[in-house]
Amino acid sequence: MLPALQLEFQKLRHYPTARIILGLYAALFLFAVVTIYGTRHAGGLPPAQVYAFPTLWAKLATTGAGCTVLLVVLFIILVTDDFQYRTLRQQFIDGATHGQLIGFKIAASVLLAGAGLVVLLAIGLGLGSWYAAGTWQLAPAQGAPVLLAGLQTLGFMALAGLVAIGVRKGGLSILLFVLYLFVVEPLLRSQLPAAVGHWLPCRVFLDLTPDPSHQLPASAGPGLLSHALPLVLVALLYMAACWGLSYWLLRRRDL
Amino acid sequence: MYVLEVENLTKRYGSRLALQDLTMRVPQGSVFGLLGPNGGGKTTTLGIALGVLRATSGTVRWFGQAPTAASRRRIGTLLETPNFYPYLTARQNLHQTAAIKRVAPTAIDAALAATGLAERQHDRFQGFSLGMKQRLALAAALLGQPEVLVLDEPTNGLDPQGIVEIRELIRSLAARGTTILIASHLLDEIEKICTHVAILSRGQLRASGLVADLLAPTSRTVLRPAAATSGQRVLAALAALPWVSAVRSDPDGSISFHLAPGHDTGQLNEQLFRHGLVAAELHTVRQTLETEFLSLVAD
């Protein structure tokens, strides 16, 4: 996995599109946090309270979920680039196995999810230390929402990877993913019993972080993690299924 | 010993038959030319051999075994177009290839030098001309000194000097024992560097074997007797030689005939001299691969 991470990091580091989208992601994330918690949700609370550790992490994880779509778009571009440039085919010819090719994609998703977490941590540490320096000592506590936000990103990317490997074209893959996320799955959920609709993949991934329309949980630490355990397990199952299907698709078609 | 054995290979794209029952063997140490018109099945054959296309039926064996990732790492390949990340430099792209081939990064310098890319190694692939891209693809194929090189139109986009350099590179690699499988439209190039050839047309194998053997049956040797030498005696002497056939007396006084493979004009001249016969002119009019190719794919 380490060589795969190194190779994907080299690509990401030198890819202008990646730098632009990651920059946009960071800017959008910061803008969303300041806009949402500085006005509507804050309800007139002083910034020292709004950006206080450790509950700040849960707020950021929630807000980050909305921006993750940008990281997913970048991930789809990275995956479909390999079909467009025929580099995936060349990597296979050069001696990579189908499993390793999927491993490279997983490595790319880990790096992007990691980049997302770095942005989240940077924004959290920046705002928290600026506005609520008095709570700084609580910053390392209750980091479960941050981990869940990372898992959420990985989940969406596993699904996006399946679409991208199946479709192989960037624009169409992005369109199909967005359609599924915002149209198809909500429609399905509205038609299915709540007990079933609740377990559809995008709902599961979204539910990993607290719903922004609900009151934030009082405890965002280990309690939240154990509360989210069934969701985490189902999310992991979905991810395994998506990557397994991607592997199967890659094997059964011409490269 | 064969490095590549292809048995009864068939590939269908829907109702279109791209390859039909192809059987072909590439001997170790050979420079094997794969010839054919566009759509003849060359790239399909290479694609299946390298595992990126699935055969409808038939088998492929590399180094006597079913293909694996390990066997692919023993092969350097340039298939169709150079495939690299446009935003990475030549060196960065080769670094990616070296990691996949499990070759030490130190091999990158040698590959860059061999293909004349050392000075452009820090330029991005997207800024390269077609010829430079082709050189980079060759550099990637050469990484780790592969036992076999598979080159699909390796001189595409190269200027005349580049073509000569690549030809010399292929020759030097072949001299070191590297087996080279080369698909090309450039029949002259193939004839100059290949020891073996297979001709494909409409997905079918039309001819295969040593280049010399393929051309020998249609090549004719022409002999013009010296003024003091009787043409009739020459005809009689030629008729007595078992490795001379299809002797024909031409209106201009010259005599033409076929020499069996393995025999040459030097041997013939020696035989004539023993009979006291002198040739004023003796040469072989060789059939070119182009003529042979055109006659084989004419239908």
# chains A, B, ... in the order shown; residues from 1 in each chain; ligands from 1
$ interface_residues --of "chain A" --to "chain B" --cutoff "12 Å" --atoms "only C-alpha atoms" --output "PyMOL selection string"
chain A and resi 2-18+78+81-101+104+250-255
$ select_by_dssp --residues "segment 4-158 of chain B" --states "alpha helix (DSSP H)" --output "PyMOL selection string"
chain B and resi 42-49+69-72+90-101+107-114+130-142
$ residues_around --residues "Thr153 of chain A" --least-positions-apart "5" --cutoff "9 Å" --atoms "only C-alpha atoms" --output "VMD selection string"
chain A and resid 65 68 to 69 71 to 72 109 to 110 112 to 113 116 148 158 205
$ residues_around --residues "segment 278-289 of chain B" --least-positions-apart "6" --cutoff "7 Å" --atoms "only C-alpha atoms" --output "PyMOL selection string"
chain B and resi 187+191+215+218-226+229+265+272
$ closest_residue --among "B:Gln134, B:Asn38, B:Gln65, B:Thr23" --to "Ser184 of chain B" --atoms "only C-alpha atoms"
B:Asn38
$ atom_distance --atom1 "atom CA of Ala61 of chain A" --atom2 "atom CA of Ala132 of chain A"
18.1 Å
$ closest_residue --among "B:His196, B:Lys11, B:His122, B:Arg167" --to "Met24 of chain B" --atoms "only C-alpha atoms"
B:His196
$ closest_residue --among "B:Glu80, B:Ala104, B:Leu173, B:Val60" --to "Ala137 of chain B" --atoms "only C-alpha atoms"
B:Glu80
$ residues_around --residues "segment 30-32 of chain A" --least-positions-apart "3" --cutoff "10 Å" --atoms "only C-alpha atoms" --output "ChimeraX atom specification"
/A:24-27,35-38,60,63-64,66-67,119-120,122-124,127
$ write_last_selection --atoms "N, CA, C and O atoms" --output "compact mmCIF listing (two decimals), in the first residue's frame"
# COMPACT_ATOMS: atom_id res chain seq x y z
N LEU A 24 -10.20 24.95 -3.86
CA LEU A 24 -11.63 25.29 -3.83
C LEU A 24 -12.32 24.64 -2.64
O LEU A 24 -13.16 25.26 -1.97
N TYR A 25 -11.95 23.38 -2.41
CA TYR A 25 -12.55 22.63 -1.30
C TYR A 25 -12.26 23.34 0.04
O TYR A 25 -13.16 23.55 0.85
N ALA A 26 -10.99 23.73 0.20
CA ALA A 26 -10.60 24.40 1.45
C ALA A 26 -11.35 25.73 1.60
O ALA A 26 -11.87 26.05 2.68
N ALA A 27 -11.42 26.49 0.50
CA ALA A 27 -12.09 27.79 0.55
C ALA A 27 -13.58 27.63 0.83
O ALA A 27 -14.16 28.35 1.65
N THR A 35 -20.00 30.92 7.48
CA THR A 35 -21.36 31.37 7.15
C THR A 35 -22.39 30.69 8.06
O THR A 35 -23.24 31.34 8.65
N ILE A 36 -22.30 29.34 8.15
CA ILE A 36 -23.31 28.60 8.91
C ILE A 36 -23.21 28.89 10.41
O ILE A 36 -24.20 29.26 11.04
N TYR A 37 -22.02 28.74 10.95
CA TYR A 37 -21.91 28.85 12.41
C TYR A 37 -21.72 30.29 12.86
O TYR A 37 -21.92 30.60 14.03
N GLY A 38 -21.37 31.15 11.93
CA GLY A 38 -21.25 32.55 12.30
C GLY A 38 -22.59 33.26 12.28
O GLY A 38 -22.72 34.37 12.78
N LEU A 60 -17.64 20.79 12.43
CA LEU A 60 -16.84 20.78 11.19
C LEU A 60 -17.09 19.51 10.38
O LEU A 60 -17.16 19.55 9.14
N THR A 63 -20.34 19.99 8.56
CA THR A 63 -20.21 20.94 7.45
C THR A 63 -19.39 20.34 6.32
O THR A 63 -19.70 20.53 5.14
N GLY A 64 -18.35 19.58 6.69
CA GLY A 64 -17.48 18.98 5.67
C GLY A 64 -18.22 18.04 4.75
O GLY A 64 -17.86 17.90 3.58
N GLY A 66 -20.97 18.36 3.35
CA GLY A 66 -21.53 19.07 2.20
C GLY A 66 -20.48 19.41 1.15
O GLY A 66 -20.79 19.54 -0.03
N CYS A 67 -19.23 19.55 1.61
CA CYS A 67 -18.16 19.92 0.67
C CYS A 67 -17.48 18.71 0.04
O CYS A 67 -16.73 18.85 -0.93
N VAL A 119 -7.56 19.65 5.89
CA VAL A 119 -8.28 20.93 5.77
C VAL A 119 -9.18 21.12 6.98
O VAL A 119 -9.21 22.20 7.60
N LEU A 120 -9.91 20.04 7.34
CA LEU A 120 -10.82 20.12 8.50
C LEU A 120 -10.05 20.46 9.78
O LEU A 120 -10.44 21.35 10.54
N ALA A 122 -7.11 21.86 10.00
CA ALA A 122 -6.51 23.20 9.91
C ALA A 122 -7.56 24.27 10.23
O ALA A 122 -7.29 25.22 10.98
N ILE A 123 -8.75 24.09 9.65
CA ILE A 123 -9.81 25.07 9.91
C ILE A 123 -10.21 25.03 11.39
O ILE A 123 -10.37 26.08 12.05
N GLY A 124 -10.33 23.81 11.91
CA GLY A 124 -10.72 23.66 13.31
C GLY A 124 -9.70 24.28 14.25
O GLY A 124 -10.04 25.07 15.14
N LEU A 127 -9.66 28.26 13.66
CA LEU A 127 -10.80 29.00 14.24
C LEU A 127 -10.85 28.84 15.76
O LEU A 127 -11.11 29.80 16.50
$ residues_around --residues "Ile170 of chain B" --least-positions-apart "4" --cutoff "9 Å" --atoms "only C-alpha atoms" --output "compact mmCIF listing (two decimals) with all heavy atoms, in the first residue's frame"
# COMPACT_ATOMS: atom_id res chain seq x y z
N VAL B 31 14.43 -11.08 -33.97
CA VAL B 31 13.77 -9.79 -34.16
C VAL B 31 12.58 -10.12 -35.07
O VAL B 31 12.75 -10.40 -36.26
CB VAL B 31 14.69 -8.75 -34.82
CG1 VAL B 31 13.97 -7.43 -34.98
CG2 VAL B 31 15.94 -8.56 -33.97
N GLU B 165 18.35 6.20 -35.41
CA GLU B 165 18.78 5.94 -34.03
C GLU B 165 18.02 4.77 -33.41
O GLU B 165 18.61 3.91 -32.76
CB GLU B 165 18.57 7.19 -33.17
CG GLU B 165 19.59 8.28 -33.41
CD GLU B 165 19.24 9.58 -32.70
OE1 GLU B 165 18.40 9.54 -31.78
OE2 GLU B 165 19.80 10.60 -33.07
N ILE B 166 16.71 4.76 -33.64
CA ILE B 166 15.89 3.68 -33.07
C ILE B 166 16.26 2.35 -33.72
O ILE B 166 16.34 1.31 -33.04
CB ILE B 166 14.38 3.99 -33.22
CG1 ILE B 166 14.02 5.25 -32.43
CG2 ILE B 166 13.52 2.81 -32.78
CD1 ILE B 166 14.38 5.23 -30.96
N ALA B 174 19.12 -6.34 -29.95
CA ALA B 174 19.03 -7.70 -30.50
C ALA B 174 20.38 -8.39 -30.40
O ALA B 174 20.46 -9.59 -30.08
CB ALA B 174 18.55 -7.64 -31.94
N ALA B 175 21.45 -7.63 -30.65
CA ALA B 175 22.80 -8.21 -30.57
C ALA B 175 23.12 -8.67 -29.15
O ALA B 175 23.89 -9.60 -28.96
CB ALA B 175 23.82 -7.17 -31.03
N THR B 178 18.32 -9.59 -26.69
CA THR B 178 16.92 -9.23 -26.40
C THR B 178 16.05 -9.67 -27.57
O THR B 178 16.37 -9.39 -28.72
CB THR B 178 16.79 -7.71 -26.22
OG1 THR B 178 17.74 -7.27 -25.27
CG2 THR B 178 15.39 -7.32 -25.77
N ILE B 180 12.93 -9.23 -29.84
CA ILE B 180 12.16 -8.04 -30.18
C ILE B 180 11.00 -8.42 -31.10
O ILE B 180 11.20 -9.06 -32.13
CB ILE B 180 13.06 -6.97 -30.83
CG1 ILE B 180 14.12 -6.53 -29.80
CG2 ILE B 180 12.25 -5.76 -31.28
CD1 ILE B 180 15.26 -5.76 -30.38
N ILE B 193 15.71 -4.84 -40.29
CA ILE B 193 16.11 -5.23 -38.92
C ILE B 193 15.58 -6.59 -38.47
O ILE B 193 16.08 -7.12 -37.48
CB ILE B 193 15.70 -4.15 -37.88
CG1 ILE B 193 14.20 -3.88 -37.93
CG2 ILE B 193 16.49 -2.89 -38.07
CD1 ILE B 193 13.76 -2.86 -36.88
$ residues_around --residues "segment 200-203 of chain A" --least-positions-apart "2" --cutoff "8 Å" --atoms "only C-alpha atoms" --output "list in words"
Phe156, Leu181, Glu185, Arg189, Val196, Gly197, His198, Phe205, Leu206, Asp207, Ala235 and Tyr238 of chain A
$ atom_distance --atom1 "atom CA of Ser256 of chain B" --atom2 "atom CA of Arg274 of chain B"
20.0 Å
$ atom_distance --atom1 "atom CA of Ala183 of chain B" --atom2 "atom CA of Asp152 of chain B"
4.7 Å
$ closest_residue --among "B:Arg91, B:His258, B:Lys42, B:Arg12" --to "Ala239 of chain B" --atoms "only C-alpha atoms"
B:His258
